[in-house]
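Structure data follow from target.cif (mmCIF, N, CA and C atoms):
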```
data_entry
loop_
_atom_site.label_atom_id
_atom_site.label_comp_id
_atom_site.auth_asym_id
_atom_site.auth_seq_id
_atom_site.Cartn_x
_atom_site.Cartn_y
_atom_site.Cartn_z
N THR A 287 6.75 -14.63 -19.62
CA THR A 287 6.62 -14.77 -18.18
C THR A 287 7.93 -15.29 -17.62
N HIS A 288 8.38 -14.67 -16.57
CA HIS A 288 9.63 -15.07 -15.92
C HIS A 288 9.42 -16.41 -15.20
N PRO A 289 10.35 -17.38 -15.36
CA PRO A 289 10.19 -18.69 -14.73
C PRO A 289 10.04 -18.61 -13.21
N GLY A 290 10.68 -17.65 -12.58
CA GLY A 290 10.57 -17.52 -11.13
C GLY A 290 9.16 -17.18 -10.69
N VAL A 291 8.46 -16.42 -11.50
CA VAL A 291 7.07 -16.06 -11.18
C VAL A 291 6.19 -17.29 -11.24
N VAL A 292 6.36 -18.08 -12.28
CA VAL A 292 5.56 -19.29 -12.44
C VAL A 292 5.80 -20.25 -11.28
N SER A 293 7.06 -20.44 -10.89
CA SER A 293 7.35 -21.37 -9.79
C SER A 293 6.82 -20.83 -8.47
N PHE A 294 6.85 -19.51 -8.26
CA PHE A 294 6.30 -18.92 -7.03
C PHE A 294 4.82 -19.25 -6.91
N TYR A 295 4.06 -19.01 -7.99
CA TYR A 295 2.62 -19.28 -7.95
C TYR A 295 2.34 -20.77 -7.84
N ALA A 296 3.12 -21.59 -8.51
CA ALA A 296 2.92 -23.04 -8.43
C ALA A 296 3.12 -23.53 -7.00
N ARG A 297 4.19 -23.08 -6.34
CA ARG A 297 4.44 -23.48 -4.94
C ARG A 297 3.32 -23.00 -4.03
N ALA A 298 2.89 -21.77 -4.22
CA ALA A 298 1.83 -21.21 -3.38
C ALA A 298 0.53 -22.00 -3.56
N LEU A 299 0.19 -22.33 -4.79
CA LEU A 299 -1.04 -23.09 -5.04
C LEU A 299 -0.96 -24.49 -4.45
N LEU A 300 0.21 -25.11 -4.55
CA LEU A 300 0.39 -26.45 -3.97
C LEU A 300 0.25 -26.43 -2.45
N GLN A 301 0.59 -25.30 -1.84
CA GLN A 301 0.47 -25.16 -0.38
C GLN A 301 -0.93 -24.69 0.03
N GLY A 302 -1.82 -24.53 -0.94
CA GLY A 302 -3.19 -24.14 -0.63
C GLY A 302 -3.42 -22.65 -0.53
N HIS A 303 -2.48 -21.86 -1.01
CA HIS A 303 -2.62 -20.40 -0.97
C HIS A 303 -2.92 -19.87 -2.37
N ILE A 304 -3.67 -18.81 -2.40
CA ILE A 304 -3.88 -18.09 -3.66
C ILE A 304 -3.18 -16.74 -3.47
N PRO A 305 -2.02 -16.56 -4.10
CA PRO A 305 -1.29 -15.31 -3.92
C PRO A 305 -2.15 -14.09 -4.24
N GLY A 306 -2.05 -13.08 -3.39
CA GLY A 306 -2.81 -11.86 -3.59
C GLY A 306 -4.19 -11.90 -2.99
N LEU A 307 -4.61 -13.05 -2.46
CA LEU A 307 -5.93 -13.16 -1.86
C LEU A 307 -5.77 -13.53 -0.40
N HIS A 308 -6.30 -12.70 0.46
CA HIS A 308 -6.22 -12.96 1.89
C HIS A 308 -7.54 -13.54 2.36
N ARG A 309 -7.48 -14.33 3.38
CA ARG A 309 -8.71 -14.94 3.92
C ARG A 309 -9.72 -13.85 4.24
N GLY A 310 -10.95 -14.11 3.91
CA GLY A 310 -12.02 -13.17 4.21
C GLY A 310 -12.27 -12.15 3.11
N GLN A 311 -11.42 -12.12 2.10
CA GLN A 311 -11.63 -11.17 1.01
C GLN A 311 -12.71 -11.69 0.07
N ASP A 312 -13.42 -10.78 -0.53
CA ASP A 312 -14.45 -11.12 -1.51
C ASP A 312 -13.80 -11.14 -2.89
N ARG A 313 -13.69 -12.31 -3.48
CA ARG A 313 -13.05 -12.44 -4.78
C ARG A 313 -13.86 -11.79 -5.89
N ARG A 314 -15.13 -11.54 -5.63
CA ARG A 314 -15.99 -10.93 -6.65
C ARG A 314 -15.96 -9.41 -6.60
N GLN A 315 -15.28 -8.86 -5.60
CA GLN A 315 -15.22 -7.41 -5.45
C GLN A 315 -14.44 -6.80 -6.60
N LEU A 316 -14.99 -5.75 -7.16
CA LEU A 316 -14.34 -5.08 -8.28
C LEU A 316 -13.82 -3.72 -7.83
N GLY A 317 -12.82 -3.26 -8.51
CA GLY A 317 -12.25 -1.95 -8.20
C GLY A 317 -12.74 -0.92 -9.19
N GLY A 318 -11.88 -0.02 -9.49
CA GLY A 318 -12.21 1.03 -10.45
C GLY A 318 -11.14 2.10 -10.41
N ASP A 319 -11.32 3.09 -11.22
CA ASP A 319 -10.39 4.20 -11.27
C ASP A 319 -11.16 5.48 -10.98
N PHE A 320 -10.64 6.26 -10.03
CA PHE A 320 -11.30 7.48 -9.60
C PHE A 320 -10.24 8.56 -9.43
N VAL A 321 -10.56 9.76 -9.87
CA VAL A 321 -9.65 10.90 -9.72
C VAL A 321 -10.42 12.00 -9.01
N LEU A 322 -9.82 12.53 -7.94
CA LEU A 322 -10.39 13.65 -7.21
C LEU A 322 -9.47 14.85 -7.38
N ASP A 323 -10.07 16.04 -7.47
CA ASP A 323 -9.22 17.22 -7.51
C ASP A 323 -8.82 17.59 -6.07
N ARG A 324 -8.05 18.65 -5.91
CA ARG A 324 -7.55 19.01 -4.58
C ARG A 324 -8.66 19.40 -3.61
N ASP A 325 -9.81 19.78 -4.15
CA ASP A 325 -10.95 20.14 -3.30
C ASP A 325 -11.80 18.93 -2.95
N GLY A 326 -11.41 17.76 -3.44
CA GLY A 326 -12.16 16.54 -3.16
C GLY A 326 -13.31 16.29 -4.11
N VAL A 327 -13.38 17.07 -5.18
CA VAL A 327 -14.43 16.88 -6.18
C VAL A 327 -14.00 15.77 -7.14
N MET A 328 -14.89 14.79 -7.35
CA MET A 328 -14.56 13.69 -8.24
C MET A 328 -14.63 14.18 -9.69
N VAL A 329 -13.51 14.07 -10.39
CA VAL A 329 -13.46 14.52 -11.78
C VAL A 329 -13.44 13.36 -12.77
N LEU A 330 -13.24 12.16 -12.27
CA LEU A 330 -13.33 10.96 -13.10
C LEU A 330 -13.79 9.82 -12.21
N ALA A 331 -14.80 9.10 -12.66
CA ALA A 331 -15.28 7.92 -11.94
C ALA A 331 -15.51 6.81 -12.94
N HIS A 332 -14.82 5.69 -12.74
CA HIS A 332 -15.00 4.54 -13.62
C HIS A 332 -14.99 3.27 -12.77
N PRO A 333 -16.16 2.91 -12.18
CA PRO A 333 -16.22 1.64 -11.47
C PRO A 333 -16.15 0.50 -12.48
N GLU A 334 -15.37 -0.52 -12.17
CA GLU A 334 -15.20 -1.64 -13.10
C GLU A 334 -16.48 -2.46 -13.20
N ARG A 335 -16.79 -2.91 -14.42
CA ARG A 335 -17.89 -3.85 -14.64
C ARG A 335 -17.38 -5.28 -14.64
N GLY A 336 -16.08 -5.44 -14.76
CA GLY A 336 -15.44 -6.75 -14.77
C GLY A 336 -13.95 -6.55 -14.64
N PRO A 337 -13.19 -7.63 -14.44
CA PRO A 337 -11.75 -7.50 -14.23
C PRO A 337 -11.00 -6.90 -15.41
N GLU A 338 -11.55 -7.01 -16.60
CA GLU A 338 -10.87 -6.48 -17.78
C GLU A 338 -11.28 -5.04 -18.08
N ASP A 339 -12.27 -4.52 -17.37
CA ASP A 339 -12.81 -3.18 -17.64
C ASP A 339 -11.97 -2.13 -16.94
N ARG A 340 -10.97 -1.64 -17.63
CA ARG A 340 -10.07 -0.63 -17.05
C ARG A 340 -10.16 0.66 -17.82
N THR A 341 -9.97 1.75 -17.10
CA THR A 341 -9.96 3.07 -17.73
C THR A 341 -8.66 3.22 -18.52
N PRO A 342 -8.74 3.70 -19.75
CA PRO A 342 -7.50 3.95 -20.49
C PRO A 342 -6.63 4.96 -19.73
N VAL A 343 -5.33 4.71 -19.72
CA VAL A 343 -4.40 5.58 -19.00
C VAL A 343 -4.52 7.02 -19.49
N GLY A 344 -4.72 7.21 -20.78
CA GLY A 344 -4.86 8.55 -21.32
C GLY A 344 -6.03 9.31 -20.70
N SER A 345 -7.12 8.61 -20.43
CA SER A 345 -8.29 9.25 -19.81
C SER A 345 -7.98 9.68 -18.38
N ILE A 346 -7.23 8.86 -17.67
CA ILE A 346 -6.85 9.21 -16.29
C ILE A 346 -5.93 10.42 -16.31
N LEU A 347 -4.94 10.40 -17.19
CA LEU A 347 -4.00 11.52 -17.27
C LEU A 347 -4.71 12.82 -17.66
N ARG A 348 -5.65 12.73 -18.61
CA ARG A 348 -6.42 13.92 -19.01
C ARG A 348 -7.22 14.47 -17.83
N ALA A 349 -7.84 13.59 -17.05
CA ALA A 349 -8.62 14.04 -15.89
C ALA A 349 -7.73 14.75 -14.88
N VAL A 350 -6.54 14.20 -14.65
CA VAL A 350 -5.60 14.83 -13.71
C VAL A 350 -5.15 16.19 -14.25
N GLU A 351 -4.80 16.23 -15.53
CA GLU A 351 -4.35 17.49 -16.14
C GLU A 351 -5.47 18.53 -16.14
N ASP A 352 -6.69 18.12 -16.47
CA ASP A 352 -7.83 19.05 -16.47
C ASP A 352 -8.08 19.61 -15.08
N ALA A 353 -8.02 18.74 -14.07
CA ALA A 353 -8.24 19.20 -12.69
C ALA A 353 -7.16 20.20 -12.29
N ALA A 354 -5.92 19.92 -12.68
CA ALA A 354 -4.81 20.83 -12.33
C ALA A 354 -4.97 22.17 -13.05
N SER A 355 -5.36 22.14 -14.32
CA SER A 355 -5.49 23.40 -15.06
C SER A 355 -6.69 24.20 -14.57
N GLN A 356 -7.78 23.54 -14.17
CA GLN A 356 -8.93 24.26 -13.62
C GLN A 356 -8.57 24.93 -12.31
N ARG A 357 -7.79 24.25 -11.50
CA ARG A 357 -7.37 24.84 -10.22
C ARG A 357 -6.47 26.05 -10.48
N ALA A 358 -5.55 25.90 -11.43
CA ALA A 358 -4.64 27.02 -11.75
C ALA A 358 -5.44 28.21 -12.26
N SER A 359 -6.47 27.96 -13.06
CA SER A 359 -7.32 29.05 -13.57
C SER A 359 -8.05 29.75 -12.44
N ARG A 360 -8.58 28.97 -11.50
CA ARG A 360 -9.30 29.56 -10.36
C ARG A 360 -8.36 30.41 -9.51
N GLU A 361 -7.14 29.89 -9.30
CA GLU A 361 -6.18 30.61 -8.45
C GLU A 361 -5.68 31.89 -9.10
N SER A 362 -5.61 31.90 -10.43
CA SER A 362 -5.12 33.11 -11.11
C SER A 362 -6.25 34.10 -11.40
N GLY A 363 -7.49 33.68 -11.13
CA GLY A 363 -8.63 34.56 -11.33
C GLY A 363 -9.11 34.64 -12.76
N CYS A 364 -8.66 33.72 -13.62
CA CYS A 364 -9.08 33.73 -15.03
C CYS A 364 -10.39 33.00 -15.21
#
```
Could you show the structure in this file as structure tokens?
Amino acid sequence: THPGVVSFYARALLQGHIPGLHRGQDRRQLGGDFVLDRDGVMVLAHPERGPEDRTPVGSILRAVEDAASQRASRESGC
């Protein structure tokens, strides 16, 4: 960890701020990873179950590549 990062967070916490959290935000809100094709069809959906629950990057890349190849197949008539 870079010392500048640690001091930034330490100063922010001492001033009563939590970096990355704005007033009114729900700290319990979870994100996720979603991939849509060009037609707006969801080809990958992974809502997080917890902060550590992330989609492997390879799965996201495969979903993007599959969506692109399916579109190319449709456009070429194959």
Can you give me, as a compact mmCIF listing (two decimals) with N, CA and C atoms, in the frame of the given file, the residues this file yields under the PyMOL selection byres (((chain A and resi 340-351 and name CA) around 10) and name CA)?
```
# COMPACT_ATOMS: atom_id res chain seq x y z
N GLY A 317 -12.82 -3.26 -8.51
CA GLY A 317 -12.25 -1.95 -8.20
C GLY A 317 -12.74 -0.92 -9.19
N GLY A 318 -11.88 -0.02 -9.49
CA GLY A 318 -12.21 1.03 -10.45
C GLY A 318 -11.14 2.10 -10.41
N ASP A 319 -11.32 3.09 -11.22
CA ASP A 319 -10.39 4.20 -11.27
C ASP A 319 -11.16 5.48 -10.98
N PHE A 320 -10.64 6.26 -10.03
CA PHE A 320 -11.30 7.48 -9.60
C PHE A 320 -10.24 8.56 -9.43
N VAL A 321 -10.56 9.76 -9.87
CA VAL A 321 -9.65 10.90 -9.72
C VAL A 321 -10.42 12.00 -9.01
N LEU A 322 -9.82 12.53 -7.94
CA LEU A 322 -10.39 13.65 -7.21
C LEU A 322 -9.47 14.85 -7.38
N ASP A 323 -10.07 16.04 -7.47
CA ASP A 323 -9.22 17.22 -7.51
C ASP A 323 -8.82 17.59 -6.07
N MET A 328 -14.89 14.79 -7.35
CA MET A 328 -14.56 13.69 -8.24
C MET A 328 -14.63 14.18 -9.69
N VAL A 329 -13.51 14.07 -10.39
CA VAL A 329 -13.46 14.52 -11.78
C VAL A 329 -13.44 13.36 -12.77
N LEU A 330 -13.24 12.16 -12.27
CA LEU A 330 -13.33 10.96 -13.10
C LEU A 330 -13.79 9.82 -12.21
N ALA A 331 -14.80 9.10 -12.66
CA ALA A 331 -15.28 7.92 -11.94
C ALA A 331 -15.51 6.81 -12.94
N HIS A 332 -14.82 5.69 -12.74
CA HIS A 332 -15.00 4.54 -13.62
C HIS A 332 -14.99 3.27 -12.77
N PRO A 333 -16.16 2.91 -12.18
CA PRO A 333 -16.22 1.64 -11.47
C PRO A 333 -16.15 0.50 -12.48
N GLU A 334 -15.37 -0.52 -12.17
CA GLU A 334 -15.20 -1.64 -13.10
C GLU A 334 -16.48 -2.46 -13.20
N ARG A 335 -16.79 -2.91 -14.42
CA ARG A 335 -17.89 -3.85 -14.64
C ARG A 335 -17.38 -5.28 -14.64
N GLY A 336 -16.08 -5.44 -14.76
CA GLY A 336 -15.44 -6.75 -14.77
C GLY A 336 -13.95 -6.55 -14.64
N PRO A 337 -13.19 -7.63 -14.44
CA PRO A 337 -11.75 -7.50 -14.23
C PRO A 337 -11.00 -6.90 -15.41
N GLU A 338 -11.55 -7.01 -16.60
CA GLU A 338 -10.87 -6.48 -17.78
C GLU A 338 -11.28 -5.04 -18.08
N ASP A 339 -12.27 -4.52 -17.37
CA ASP A 339 -12.81 -3.18 -17.64
C ASP A 339 -11.97 -2.13 -16.94
N ASP A 352 -6.69 18.12 -16.47
CA ASP A 352 -7.83 19.05 -16.47
C ASP A 352 -8.08 19.61 -15.08
N ALA A 353 -8.02 18.74 -14.07
CA ALA A 353 -8.24 19.20 -12.69
C ALA A 353 -7.16 20.20 -12.29
N ALA A 354 -5.92 19.92 -12.68
CA ALA A 354 -4.81 20.83 -12.33
C ALA A 354 -4.97 22.17 -13.05
N SER A 355 -5.36 22.14 -14.32
CA SER A 355 -5.49 23.40 -15.06
C SER A 355 -6.69 24.20 -14.57
N GLN A 356 -7.78 23.54 -14.17
CA GLN A 356 -8.93 24.26 -13.62
C GLN A 356 -8.57 24.93 -12.31
N ARG A 357 -7.79 24.25 -11.50
CA ARG A 357 -7.37 24.84 -10.22
C ARG A 357 -6.47 26.05 -10.48
```
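Reported to one decimal place, the separation of CA of Pro289 (chain A) from CA of Gly302 (chain A) is 20.2 Å.
Residues of chain A that DSSP, applied to the backbone, places in strand (DSSP E): Gly318, Asp319, Phe320, Val321, Leu322, Met328, Val329, Leu330, Ala331, His332 and Pro333 of chain A.
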| message | as a ChimeraX atom specification, please: every residue in chain A that a backbone DSSP assignment puts in helix (DSSP H, G or I). | response | /A:289-300,343-362
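Note that atom N of Gly290 (chain A) and atom C of Leu316 (chain A) are 28.6 Å apart.
For the pair CA of Arg314 (chain A) and CA of His288 (chain A), the separation is 27.6 Å.
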